[in-house]
Structure formats: C-alpha cells, structure tokens
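Just target-v2.tsv here, TSV, C-alpha atoms and all ligand atoms:
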```
chain	number	residue	atom	x	y	z
A	1	MET	CA	166.17	136.13	120.07
A	2	LEU	CA	167.92	132.89	119.21
A	3	ILE	CA	171.03	131.80	121.05
A	4	VAL	CA	173.07	129.59	118.73
A	5	MET	CA	175.42	127.28	120.62
A	6	ARG	CA	178.76	126.17	119.19
A	7	PRO	CA	178.92	122.54	118.04
A	8	ASP	CA	181.35	121.80	120.92
A	9	ALA	CA	179.18	123.47	123.59
A	10	THR	CA	178.75	121.29	126.68
A	11	ALA	CA	175.51	120.45	128.49
A	12	GLN	CA	176.77	122.77	131.24
A	13	ASP	CA	177.17	125.65	128.76
A	14	ILE	CA	173.60	125.11	127.58
A	15	GLU	CA	172.28	125.02	131.14
A	16	ARG	CA	174.13	128.25	131.93
A	17	VAL	CA	172.35	129.98	129.04
A	18	ASN	CA	169.00	128.54	130.18
A	19	ASP	CA	169.65	129.88	133.69
A	20	GLU	CA	170.45	133.34	132.36
A	21	ILE	CA	167.17	133.33	130.41
A	22	ARG	CA	165.12	132.13	133.40
A	23	ARG	CA	166.82	134.63	135.69
A	24	ARG	CA	165.24	137.37	133.59
A	25	GLY	CA	161.82	135.76	133.96
A	26	TRP	CA	161.74	134.43	130.37
A	27	GLN	CA	161.48	130.87	129.02
A	28	PRO	CA	164.24	129.01	127.17
A	29	HIS	CA	163.29	126.51	124.44
A	30	ALA	CA	165.92	124.01	123.33
A	31	ILE	CA	165.94	123.58	119.54
A	32	PRO	CA	168.16	120.63	118.68
A	33	GLY	CA	169.54	120.74	115.14
A	34	GLY	CA	171.62	118.49	112.91
A	35	THR	CA	174.95	120.03	113.87
A	36	ARG	CA	174.31	122.37	116.78
A	37	THR	CA	171.79	123.24	119.48
A	38	ALA	CA	170.01	126.55	119.56
A	39	ILE	CA	167.95	128.06	122.35
A	40	GLY	CA	164.89	130.15	121.60
A	41	ILE	CA	163.63	132.74	124.06
A	42	THR	CA	159.97	133.54	124.69
A	43	GLY	CA	158.24	135.62	127.31
A	44	ASN	CA	160.52	138.64	126.80
A	45	PRO	CA	158.43	141.82	126.75
A	46	GLY	CA	160.69	143.70	124.30
A	47	ALA	CA	163.91	143.33	122.35
A	48	VAL	CA	166.60	141.18	123.98
A	49	GLU	CA	170.12	142.60	124.36
A	50	PRO	CA	172.35	140.05	122.55
A	51	GLU	CA	175.68	141.01	124.16
A	52	PRO	CA	175.19	139.43	127.64
A	53	PHE	CA	174.47	136.11	125.88
A	54	ARG	CA	177.21	136.36	123.25
A	55	VAL	CA	179.90	136.41	125.95
A	56	LEU	CA	178.72	133.21	127.69
A	57	PRO	CA	180.85	130.06	127.22
A	58	GLY	CA	179.79	127.83	124.31
A	59	VAL	CA	177.68	130.53	122.62
A	60	ALA	CA	178.39	131.03	118.90
A	61	ASP	CA	175.93	133.89	118.35
A	62	ALA	CA	172.79	135.60	119.57
A	63	VAL	CA	170.56	136.64	116.67
A	64	PRO	CA	167.29	138.54	116.67
A	65	ILE	CA	164.28	136.83	115.03
A	66	SER	CA	162.54	139.08	112.55
A	67	GLN	CA	159.21	137.21	112.42
A	68	PRO	CA	156.49	137.46	115.10
A	69	PHE	CA	156.30	133.66	115.14
A	70	LYS	CA	159.49	132.43	116.73
A	71	LEU	CA	159.67	128.75	117.65
A	72	VAL	CA	157.92	127.62	114.48
A	73	SER	CA	160.03	129.78	112.17
A	74	ARG	CA	162.79	128.52	109.91
A	75	GLU	CA	165.00	131.31	111.20
A	76	VAL	CA	165.05	129.56	114.56
A	77	LYS	CA	165.25	126.01	113.20
A	78	PRO	CA	166.52	125.61	109.64
A	79	ASP	CA	166.04	121.80	109.57
A	80	ASN	CA	162.63	120.32	108.83
A	81	THR	CA	160.73	119.03	111.85
A	82	THR	CA	159.55	115.47	111.45
A	83	VAL	CA	156.60	114.18	113.43
A	84	GLN	CA	157.01	110.63	114.71
A	85	VAL	CA	153.78	108.80	115.18
A	86	GLY	CA	153.22	105.06	115.56
A	87	GLY	CA	156.32	104.14	113.56
A	88	LEU	CA	155.59	106.65	110.78
A	89	THR	CA	157.60	109.78	110.07
A	90	LEU	CA	155.59	112.72	108.79
A	91	GLY	CA	157.42	115.63	107.18
A	92	GLY	CA	160.33	113.46	106.01
A	93	ALA	CA	160.99	112.02	102.56
A	94	ALA	CA	157.76	110.03	102.49
A	95	PHE	CA	154.39	111.40	101.38
A	96	HIS	CA	151.46	110.39	103.59
A	97	VAL	CA	147.76	110.08	102.92
A	98	ILE	CA	145.13	110.35	105.64
A	99	ALA	CA	141.68	109.27	104.44
A	100	GLY	CA	138.26	108.46	105.80
A	101	PRO	CA	134.79	109.84	106.26
A	102	CYS	CA	133.98	113.34	107.43
A	103	SER	CA	132.08	111.77	110.37
A	104	VAL	CA	132.12	108.34	111.92
A	105	GLU	CA	128.54	107.16	111.32
A	106	SER	CA	128.42	103.45	112.11
A	107	ARG	CA	130.61	100.44	112.77
A	108	GLU	CA	130.17	99.11	109.27
A	109	GLN	CA	130.81	102.49	107.67
A	110	ILE	CA	134.08	103.16	109.48
A	111	LEU	CA	135.43	99.60	109.25
A	112	SER	CA	134.69	99.26	105.55
A	113	THR	CA	136.21	102.68	104.84
A	114	ALA	CA	139.30	101.87	106.89
A	115	GLU	CA	139.84	98.66	104.89
A	116	ALA	CA	139.30	100.41	101.57
A	117	VAL	CA	141.59	103.37	102.22
A	118	LYS	CA	144.29	101.10	103.59
A	119	LYS	CA	144.10	98.94	100.47
A	120	ALA	CA	144.38	102.05	98.29
A	121	GLY	CA	147.51	103.18	100.19
A	122	ALA	CA	146.49	105.47	103.07
A	123	THR	CA	148.48	105.14	106.29
A	124	MET	CA	146.04	107.00	108.52
A	125	LEU	CA	142.31	107.02	109.04
A	126	ARG	CA	140.30	110.19	109.62
A	127	GLY	CA	136.77	110.43	111.00
A	128	GLY	CA	135.03	113.04	113.12
A	129	ALA	CA	133.38	111.96	116.38
A	130	PHE	CA	132.80	115.43	117.82
A	131	LYS	CA	131.68	117.50	114.83
A	132	PRO	CA	131.64	121.29	114.73
A	133	ARG	CA	128.60	121.95	112.51
A	134	THR	CA	127.36	125.26	111.17
A	135	SER	CA	123.79	124.40	112.19
A	136	PRO	CA	122.90	123.05	115.63
A	137	TYR	CA	120.30	120.84	113.89
A	138	GLU	CA	122.86	119.00	111.76
A	139	PHE	CA	124.49	115.69	112.76
A	140	GLN	CA	126.87	116.46	115.62
A	141	GLY	CA	128.80	113.17	115.53
A	142	LEU	CA	128.63	109.93	117.52
A	143	LYS	CA	130.88	111.47	120.19
A	144	ASP	CA	132.30	108.85	122.60
A	145	ASP	CA	130.77	106.01	120.58
A	146	GLY	CA	132.54	107.42	117.52
A	147	LEU	CA	135.87	107.39	119.37
A	148	ALA	CA	135.33	103.75	120.33
A	149	LEU	CA	134.61	102.85	116.70
A	150	LEU	CA	137.77	104.63	115.56
A	151	ALA	CA	139.76	102.66	118.13
A	152	GLU	CA	138.23	99.47	116.77
A	153	ALA	CA	139.10	100.40	113.16
A	154	ARG	CA	142.64	101.21	114.27
A	155	LYS	CA	142.98	97.81	115.91
A	156	GLU	CA	141.50	95.96	112.93
A	157	THR	CA	143.61	97.64	110.26
A	158	GLY	CA	146.73	99.04	111.96
A	159	LEU	CA	145.94	102.45	110.46
A	160	LEU	CA	146.78	105.38	112.69
A	161	VAL	CA	143.84	107.57	113.59
A	162	THR	CA	143.19	111.28	113.55
A	163	THR	CA	140.02	112.89	114.83
A	164	GLU	CA	139.00	116.40	115.76
A	165	VAL	CA	139.16	117.71	119.30
A	166	LYS	CA	136.40	120.30	119.51
A	167	ASP	CA	136.93	121.62	123.02
A	168	THR	CA	138.98	121.24	126.18
A	169	ALA	CA	136.18	119.30	127.91
A	170	THR	CA	136.62	116.34	125.55
A	171	LEU	CA	140.41	116.58	125.18
A	172	ASP	CA	141.20	113.68	127.53
A	173	ALA	CA	138.78	111.34	125.78
A	174	VAL	CA	140.00	112.31	122.31
A	175	CYS	CA	143.66	111.98	123.36
A	176	ASP	CA	143.02	108.41	124.52
A	177	ALA	CA	141.44	107.42	121.23
A	178	THR	CA	143.60	109.12	118.64
A	179	ASP	CA	147.17	109.18	117.36
A	180	ILE	CA	146.96	112.73	116.01
A	181	LEU	CA	144.74	115.45	117.45
A	182	GLN	CA	142.99	117.44	114.75
A	183	VAL	CA	142.29	121.08	115.61
A	184	GLY	CA	139.64	122.23	113.16
A	185	ALA	CA	139.46	125.41	111.11
A	186	ARG	CA	136.77	126.86	113.37
A	187	ASN	CA	139.03	126.39	116.38
A	188	MET	CA	142.29	127.64	114.91
A	189	GLN	CA	142.14	130.68	117.14
A	190	ASN	CA	140.55	129.01	120.16
A	191	PHE	CA	143.53	129.95	122.28
A	192	SER	CA	142.47	127.96	125.34
A	193	LEU	CA	142.27	124.84	123.19
A	194	LEU	CA	145.64	125.60	121.55
A	195	GLU	CA	147.23	126.00	124.98
A	196	ALA	CA	145.63	122.79	126.22
A	197	VAL	CA	146.87	120.72	123.26
A	198	GLY	CA	150.24	122.44	123.70
A	199	GLU	CA	150.44	120.85	127.15
A	200	ARG	CA	150.00	117.36	125.68
A	201	ARG	CA	152.69	115.35	123.97
A	202	LYS	CA	150.52	114.09	121.15
A	203	PRO	CA	150.95	115.25	117.53
A	204	VAL	CA	148.52	117.93	116.39
A	205	LEU	CA	147.14	118.53	112.89
A	206	LEU	CA	146.32	122.24	112.97
A	207	LYS	CA	143.93	123.32	110.22
A	208	ARG	CA	143.99	126.82	108.82
A	209	GLY	CA	141.06	128.99	109.89
A	210	ILE	CA	138.37	129.77	107.34
A	211	SER	CA	139.51	133.39	107.02
A	212	ALA	CA	142.95	133.11	108.57
A	213	THR	CA	146.11	134.46	106.99
A	214	ILE	CA	149.25	132.36	106.74
A	215	LYS	CA	150.74	134.46	109.53
A	216	GLU	CA	147.74	133.81	111.79
A	217	LEU	CA	148.09	130.07	111.13
A	218	LEU	CA	151.73	130.25	112.16
A	219	MET	CA	150.89	132.27	115.27
A	220	ALA	CA	148.31	129.64	116.22
A	221	ALA	CA	150.98	126.93	115.83
A	222	GLU	CA	153.29	129.05	117.98
A	223	TYR	CA	150.75	128.81	120.85
A	224	ILE	CA	151.06	125.02	120.76
A	225	VAL	CA	154.84	124.86	120.36
A	226	ALA	CA	155.41	127.51	123.04
A	227	ARG	CA	153.74	125.14	125.53
A	228	GLY	CA	156.25	122.44	124.67
A	229	ASN	CA	154.36	120.35	122.12
A	230	THR	CA	156.65	120.56	119.09
A	231	GLN	CA	154.81	117.88	117.11
A	232	VAL	CA	152.61	120.13	114.99
A	233	ILE	CA	151.53	119.56	111.39
A	234	LEU	CA	149.98	122.50	109.55
A	235	CYS	CA	147.06	121.91	107.22
A	236	GLU	CA	145.91	124.15	104.38
A	237	ARG	CA	142.19	123.44	103.95
A	238	GLY	CA	140.94	126.28	101.80
A	239	ILE	CA	139.94	129.82	102.69
A	240	ARG	CA	136.81	131.88	102.15
A	241	THR	CA	137.00	134.12	99.09
A	242	PHE	CA	134.47	135.87	96.82
A	243	GLU	CA	134.15	132.66	94.77
A	244	THR	CA	130.85	130.82	95.16
A	245	MET	CA	131.20	127.91	92.70
A	246	THR	CA	133.46	126.13	95.15
A	247	ARG	CA	133.04	125.70	98.91
A	248	ASN	CA	136.41	127.31	99.62
A	249	THR	CA	139.43	128.37	97.61
A	250	LEU	CA	142.27	125.93	98.21
A	251	ASP	CA	145.21	128.24	98.77
A	252	LEU	CA	148.03	126.20	97.31
A	253	ASN	CA	150.17	129.34	97.55
A	254	ALA	CA	150.29	128.59	101.25
A	255	VAL	CA	152.34	125.43	100.74
A	256	PRO	CA	155.56	126.92	99.29
A	257	MET	CA	155.15	129.95	101.56
A	258	LEU	CA	154.82	127.81	104.67
A	259	LYS	CA	157.76	125.68	103.56
A	260	GLN	CA	159.89	128.84	103.44
A	261	LEU	CA	158.62	130.31	106.68
A	262	THR	CA	158.43	127.28	108.96
A	263	HIS	CA	160.15	123.98	109.64
A	264	LEU	CA	156.84	122.24	110.47
A	265	PRO	CA	155.33	119.62	108.11
A	266	VAL	CA	152.58	120.90	105.80
A	267	PHE	CA	149.53	118.89	104.76
A	268	VAL	CA	146.69	119.83	102.41
A	269	ASP	CA	142.97	119.00	102.67
A	270	PRO	CA	141.68	119.02	99.08
A	271	SER	CA	138.20	117.89	100.17
A	272	HIS	CA	137.30	120.97	102.21
A	273	GLY	CA	139.61	123.01	99.99
A	274	ILE	CA	137.38	122.77	96.95
A	275	GLY	CA	134.28	121.04	98.32
A	276	VAL	CA	133.24	119.52	94.99
A	277	ARG	CA	133.48	115.74	94.80
A	278	LYS	CA	134.40	115.47	91.11
A	279	ALA	CA	137.10	118.12	91.51
A	280	VAL	CA	138.79	116.66	94.59
A	281	PRO	CA	141.17	114.28	92.71
A	282	ALA	CA	142.59	117.20	90.69
A	283	MET	CA	143.38	119.06	93.91
A	284	MET	CA	144.88	115.91	95.45
A	285	ARG	CA	147.26	115.82	92.50
A	286	ALA	CA	147.97	119.53	92.75
A	287	ALA	CA	148.70	119.31	96.48
A	288	THR	CA	151.17	116.50	95.82
A	289	ALA	CA	152.88	118.47	93.06
A	290	VAL	CA	153.13	121.70	95.05
A	291	GLY	CA	155.28	120.07	97.72
A	292	ALA	CA	152.95	119.18	100.58
A	293	ASP	CA	154.11	116.45	102.96
A	294	GLY	CA	150.77	114.72	102.78
A	295	ILE	CA	147.05	115.09	102.21
A	296	ILE	CA	143.89	114.41	104.18
A	297	VAL	CA	140.95	113.29	102.05
A	298	GLU	CA	137.30	112.51	102.78
A	299	VAL	CA	136.21	109.07	101.60
A	300	HIS	CA	132.79	107.46	102.20
A	301	PRO	CA	131.26	104.13	101.12
A	302	ASN	CA	128.21	105.93	99.75
A	303	PRO	CA	128.80	109.70	99.52
A	304	PRO	CA	125.21	110.76	98.64
A	305	CYS	CA	124.03	109.19	101.91
A	306	ALA	CA	126.79	110.61	104.14
A	307	LYS	CA	125.67	112.43	107.28
A	308	SER	CA	128.17	115.21	106.61
A	309	ASP	CA	130.17	116.46	103.63
A	310	GLY	CA	128.99	113.76	101.21
A	311	PHE	CA	129.11	116.32	98.38
A	312	GLN	CA	132.92	116.42	98.70
A	313	SER	CA	133.60	112.79	99.67
A	314	LEU	CA	135.09	110.28	97.24
A	315	ASP	CA	133.74	106.76	97.00
A	316	PHE	CA	136.17	103.83	97.18
A	317	PRO	CA	136.86	103.45	93.41
A	318	GLU	CA	137.32	107.20	93.01
A	319	PHE	CA	139.79	107.25	95.89
A	320	GLU	CA	141.73	104.30	94.56
A	321	LYS	CA	142.06	105.88	91.13
A	322	ALA	CA	143.11	109.23	92.61
A	323	MET	CA	145.71	107.47	94.78
A	324	ASN	CA	147.33	105.93	91.71
A	325	GLU	CA	147.68	109.40	90.22
A	326	VAL	CA	149.03	110.83	93.48
A	327	ARG	CA	151.61	108.04	93.63
A	328	ALA	CA	152.86	108.88	90.13
A	329	ILE	CA	153.12	112.58	90.93
A	330	ALA	CA	154.83	111.96	94.27
A	331	GLN	CA	157.36	109.79	92.48
A	332	ALA	CA	158.03	112.55	89.96
A	333	MET	CA	158.67	114.81	92.95
A	334	GLY	CA	161.17	112.29	94.36
A	335	ARG	CA	158.85	111.14	97.13
A	336	GLU	CA	157.23	107.86	97.89
A	337	VAL	CA	153.68	107.37	99.11
A	338	VAL	CA	154.35	105.01	101.99
A	339	ARG	CA	152.09	102.08	102.66
A	340	LEU	CA	151.59	100.22	105.90
A	341	GLY	CA	153.75	97.09	106.00
B	401	LIG	C1	136.70	118.12	108.85
B	401	LIG	O1	137.87	117.75	108.71
B	401	LIG	O2	135.71	117.39	108.65
B	401	LIG	C2	136.47	119.54	109.16
B	401	LIG	C3	135.40	119.94	109.84
B	401	LIG	O3	137.46	120.32	108.69
B	401	LIG	P1	137.69	121.89	108.85
B	401	LIG	O4	137.94	122.11	110.31
B	401	LIG	O5	138.89	122.15	108.01
B	401	LIG	O6	136.47	122.59	108.34
B	402	MN	MN	134.24	117.36	106.69
```

If you convert what's in this file into structure tokens, what do you get?
Ligand code: PEP
Ligand code: MN
Amino acid sequence: MLIVMRPDATAQDIERVNDEIRRRGWQPHAIPGGTRTAIGITGNPGAVEPEPFRVLPGVADAVPISQPFKLVSREVKPDNTTVQVGGLTLGGAAFHVIAGPCSVESREQILSTAEAVKKAGATMLRGGAFKPRTSPYEFQGLKDDGLALLAEARKETGLLVTTEVKDTATLDAVCDATDILQVGARNMQNFSLLEAVGERRKPVLLKRGISATIKELLMAAEYIVARGNTQVILCERGIRTFETMTRNTLDLNAVPMLKQLTHLPVFVDPSHGIGVRKAVPAMMRAATAVGADGIIVEVHPNPPCAKSDGFQSLDFPEFEKAMNEVRAIAQAMGREVVRLG
C-alpha cells in the first residue's frame, strides 16, 4: 500500500499517517517526490484496507502496490532515485564509468591503473580486496592490505572507490575504505549481508546473481531499502545460460525492464557479462546505448598476468579506445560521460 499525500499536506499530517501505520505494528517509509510525499508501508501481513487512511487529513489517495517489491518499485516512486556520492550524482543525466582491476594485487598495479582509468575518463575505481573465488586455491585477495591500497589510490587520484564486501565480518573495514559497497553476484541472496548493508548509510552496488531473475534482483534490493538504505544501484553482470562460448550471457534486456520497474539507477558490467577480453568493448558500447546509467569495467596493466579475470580485463590502450566510443554513444543518447574536475 502506498499513501499518497496531497502537495499541501503538513508535517503533522504526515506524522499522523506514520502513527496510524505504526499503531498497526507496521513500518512507514517516507518517499519524497518532486511534487508530493508518499508513504510506503511494509511489515503488513496481508492486504491493507485503504479506507482508514484515505480519510486522514492531507491524504490524497491510498493505492495498492501490485508488485511484490514495494519500496524499489516505480509504482511507489515514479521519479528516478539519484545516488549522491563524493560530489557525483549517479542515476542522473550523467553517465558514469567505474574501472579498475578485478583484484587489487600490488601498490604499483592499483596506482598505475587508477591513473590510467582516470585519464581515460572513469570517475570511480574498482578493485577487489576480499575476493569470492570459485576455488579455495585461487587468489583470495589482499584483504585489509588491499583496502589500504585502494584508500591510497583514492587519495592520489581523487577517484571514488568501490570494492566488494564479502561478508558481515568484514563490513566495518570495507565501509571505512570504500565509497560504494559492492555486493557480488554470489551474495545477491545472502540475506544477512543485505540486511547488514541496509543498516548502513553508504551507497550499495548490488550485482545480479548468476542465476537470478530480474524479480529476484529487485527483491534483494528491497531487503536493503527496507532497512533504510535507499542508496542502491543495480548492476546487470550477465547470467548463466546454455551458452558456453562466453562466460555469461549479458542480459541487456534487464536494463529497459529495470528502468520500467524500478526508480533505482542501473549499471552494467560488460566484463563479467561476456567474459571475453576482445568482446568487452562491444558490450560497453551496447550497455551505453541500451540506457544504463553507467558501466563497471575490468582494466589491468597486463591482463595475461592478472591474478584474477585477466581473460576479460582490458589493458590501458584498449580501455582508452573503448571510452572514446562510449563517449560518442552516450552523447548520441543525450548523456555526458562525466570526468573528474
Ligand atoms: C567482480 O566484480 O570481480 C566480481 C566478482 O563480480 P561478480 O560478483 O559479478 O561475479
Ligand atoms: Mn572479476
């Protein structure tokens, strides 16, 4: 149920509605909009009777929400959500590029990559410190040392940083070191982790699970937003299909679908999406054309020697060339790829 307040509703009217919701043991969620405030309700076990709310002062309407995801749905909030982070606005008119290695490997590696991606036009640096690997014998990341190196690269370049939070045990440490918390595909339905990041007030890049439907991605985002963290960016990163020539199948269908269904910003990860280095630039261009708000791309100084995902990482010249193409396509779409000042 969504309680839509009239544009002239007072703070007192809004509080009255909140009280009525709490009195029933449910939770109100304020959803500020361009012209009016709305109040979402969660925690109700069944359908909510609209009439008792419709008669309250300042209430314009009480409308049922047809989707199982509530707070993240466009029905509840028609305006796009923008995520404010370090002076940047994600999900607005600008198109953003996050780039960097799959894993932080060394000081030189992360600093040189940060410089190169900044020069090519990225505004944010990626790099895993706590890596979720398929095999326990593969490189697991530099962990706390990796976080410290990311912080150093951030300081040197002014790039914002995103890195994956693998579990609740390391959440505090990752929060201190990063501007955006990345929740990885393998953790998209780790509900304890979703609840824990929902308690923080740090933006979250939530990646689609390897075999997750669009609805499951939205339900996962709902876990975070229901805890009060509204700064969520969704990320399509490819799904597992019968195809074996590519690592995953980048589901670009998800972008226009998500844009219809949710007000949250939508990013695309073409690197994991296709998993083939030479093919990544084409999918960067496609993601830009299909209407994503930004992309996250793996870039490494020497991809064949990378400790993880070298086979899908671009080197610096490849990234620079692909960025020029992305800029042209973004412009054709009426968007600008912002650079750091
Ligand atoms: C990554 O970004 O390096 C990563 C592990 O991504 P995903 O969770 O999408 O597999
Ligand atoms: Mn990777």

What are the nearest atom pairs, with distances in Å to one decimal, for all residues of region 63-110 of chain A that come at most 10 Å from region 223-247 of chain A, using all atoms listed in the file, set out by chain and rising residue number as JSON lines?
```
{"residue": "A:Phe69", "atom": "CA", "partner": "A:Tyr223", "partner_atom": "CA", "distance": 9.3}
{"residue": "A:Lys70", "atom": "CA", "partner": "A:Ala226", "partner_atom": "CA", "distance": 9.0}
{"residue": "A:Leu71", "atom": "CA", "partner": "A:Val225", "partner_atom": "CA", "distance": 6.8}
{"residue": "A:Val72", "atom": "CA", "partner": "A:Val225", "partner_atom": "CA", "distance": 7.2}
{"residue": "A:Thr81", "atom": "CA", "partner": "A:Gln231", "partner_atom": "CA", "distance": 8.0}
{"residue": "A:Thr82", "atom": "CA", "partner": "A:Gln231", "partner_atom": "CA", "distance": 7.8}
{"residue": "A:Val83", "atom": "CA", "partner": "A:Gln231", "partner_atom": "CA", "distance": 5.5}
{"residue": "A:Gln84", "atom": "CA", "partner": "A:Gln231", "partner_atom": "CA", "distance": 7.9}
{"residue": "A:Val85", "atom": "CA", "partner": "A:Gln231", "partner_atom": "CA", "distance": 9.3}
{"residue": "A:Leu90", "atom": "CA", "partner": "A:Ile233", "partner_atom": "CA", "distance": 8.4}
{"residue": "A:Gly91", "atom": "CA", "partner": "A:Ile233", "partner_atom": "CA", "distance": 8.2}
```

- Task: Grab the CA of Gln67 (chain A) to CA of Glu20 (chain A) distance for me, in Å with one decimal place.
- Result: 23.2 Å

Can you build me a table of chain A residues sitting at most 6 Å from ligand LIG 401 (chain B), with the closest atom pair per residue and its distance in Å to one decimal, using all atoms listed in the file, sorted by chain and residue number, as CSV?
```
residue,atom,partner,partner_atom,distance
A:Cys102,CA,B:LIG401,O2,4.6
A:Gly184,CA,B:LIG401,O4,3.3
A:Ala185,CA,B:LIG401,O4,3.7
A:Arg186,CA,B:LIG401,O4,5.8
A:Lys207,CA,B:LIG401,O5,5.6
A:Arg237,CA,B:LIG401,O5,5.4
```

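If only C-alpha atoms and all ligand atoms are the atoms counted, then among A:Pro32, A:Pro281, A:Gly46, A:Pro303 the closest residue to ligand MN 402 (chain B) is A:Pro303.
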
Per-residue nearest contacts region 21-113 of chain A to region 159-163 of chain A, cut-off 12 Å, using all atoms listed in the file, as a tab-separated table:
```
residue	atom	partner	partner_atom	distance
A:Gln84	CA	A:Leu160	CA	11.7
A:Val85	CA	A:Leu160	CA	8.2
A:Gly86	CA	A:Leu160	CA	7.1
A:Gly87	CA	A:Leu160	CA	9.7
A:Leu88	CA	A:Leu160	CA	9.1
A:Thr89	CA	A:Leu160	CA	12.0
A:His96	CA	A:Leu160	CA	11.4
A:Val97	CA	A:Leu159	CA	10.9
A:Ile98	CA	A:Thr162	CA	8.2
A:Ala99	CA	A:Thr162	CA	9.5
A:Gly100	CA	A:Thr162	CA	9.6
A:Pro101	CA	A:Thr163	CA	10.5
A:Cys102	CA	A:Thr163	CA	9.6
A:Ser103	CA	A:Thr163	CA	9.2
A:Val104	CA	A:Thr163	CA	9.6
A:Ile110	CA	A:Val161	CA	11.5
A:Leu111	CA	A:Leu159	CA	11.0
A:Thr113	CA	A:Leu159	CA	11.2
```

I need the chosen residues saved as a compact mmCIF listing (two decimals), in the coordinates of the input, with C-alpha atoms.
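Below is the file that was written, again.txt:
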```txt
# COMPACT_ATOMS: atom_id res chain seq x y z
CA GLN A 84 157.01 110.63 114.71
CA VAL A 85 153.78 108.80 115.18
CA GLY A 86 153.22 105.06 115.56
CA GLY A 87 156.32 104.14 113.56
CA LEU A 88 155.59 106.65 110.78
CA THR A 89 157.60 109.78 110.07
CA HIS A 96 151.46 110.39 103.59
CA VAL A 97 147.76 110.08 102.92
CA ILE A 98 145.13 110.35 105.64
CA ALA A 99 141.68 109.27 104.44
CA GLY A 100 138.26 108.46 105.80
CA PRO A 101 134.79 109.84 106.26
CA CYS A 102 133.98 113.34 107.43
CA SER A 103 132.08 111.77 110.37
CA VAL A 104 132.12 108.34 111.92
CA ILE A 110 134.08 103.16 109.48
CA LEU A 111 135.43 99.60 109.25
CA THR A 113 136.21 102.68 104.84
```

Hey, which residues come within 7 Å of ligand MN 402 (chain B) if we count all atoms listed in the file? Could you give them as a PDB file with C-alpha atoms, keeping the file's coordinate frame?
```pdb
ATOM      1  CA  CYS A 102     133.980 113.340 107.430  1.00  0.00           C
ATOM      2  CA  HIS A 272     137.300 120.970 102.210  1.00  0.00           C
ATOM      3  CA  GLU A 298     137.300 112.510 102.780  1.00  0.00           C
ATOM      4  CA  SER A 308     128.170 115.210 106.610  1.00  0.00           C
ATOM      5  CA  ASP A 309     130.170 116.460 103.630  1.00  0.00           C
TER       6      ASP A 309
END
```

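The nearest approach to Leu340 (chain A) among the residues A:Ser112, A:Thr157, A:Thr10, A:Gln140, with all atoms listed in the file taken into account, belongs to A:Thr157.
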
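Across the structure, CA of Asn190 (chain A) and CA of Arg126 (chain A) are spaced 21.6 Å apart.
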
- Item | Exercise: Val165 (chain A) partners within 9 Å, all atoms listed in the file, chain neighbours under 4 positions left out, as number ranges by chain | A: 128-131, 170-171, 174-175, 181-184, 193

- Message: Rounded to one decimal, what separation in Å do you get between CA of Glu105 (chain A) and CA of Lys202 (chain A)?
- Response: 25.1 Å

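If all atoms listed in the file are the atoms counted, then among A:Thr35, A:Thr178, A:Asn187, A:Gln109 the closest residue to Arg133 (chain A) is A:Asn187.
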
- Message: Is it possible to get the residues within 12 Å of (175.7, 125.2, 122.8) (coordinates as in the file, counting only C-alpha atoms) written as an NGL selection string?
- Response: :A and (2-18 or 30-33 or 35-40 or 53-54 or 56-62)

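With only C-alpha atoms as the atoms that count, the minimum distance from Glu336 (chain A) to the choices A:Ala94, A:Val204, A:Ile214, A:Ala322 is reached by A:Ala94.
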
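With distances taken over all atoms listed in the file, A:Met188 is the one residue among A:Leu142, A:Met188, A:Ala173, A:Cys305 lying closest to Gly209 (chain A).
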
- How would you write as a list of chain:residue names the residues that get within 12 Å of (140.0, 101.5, 94.1) in the file's frame, counting only C-alpha atoms? A:Thr113, A:Glu115, A:Ala116, A:Val117, A:Lys118, A:Lys119, A:Ala120, A:Gly121, A:Ala122, A:Val299, A:Pro301, A:Leu314, A:Asp315, A:Phe316, A:Pro317, A:Glu318, A:Phe319, A:Glu320, A:Lys321, A:Ala322, A:Met323, A:Asn324, A:Glu325

- Determine the nearest neighbour of Ala212 (chain A) from the options A:Gly294, A:Val268, A:Ala332, A:Ala254, counting only C-alpha atoms.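 Checking each candidate against Ala212 (chain A), we get A:Ala254 as the closest.
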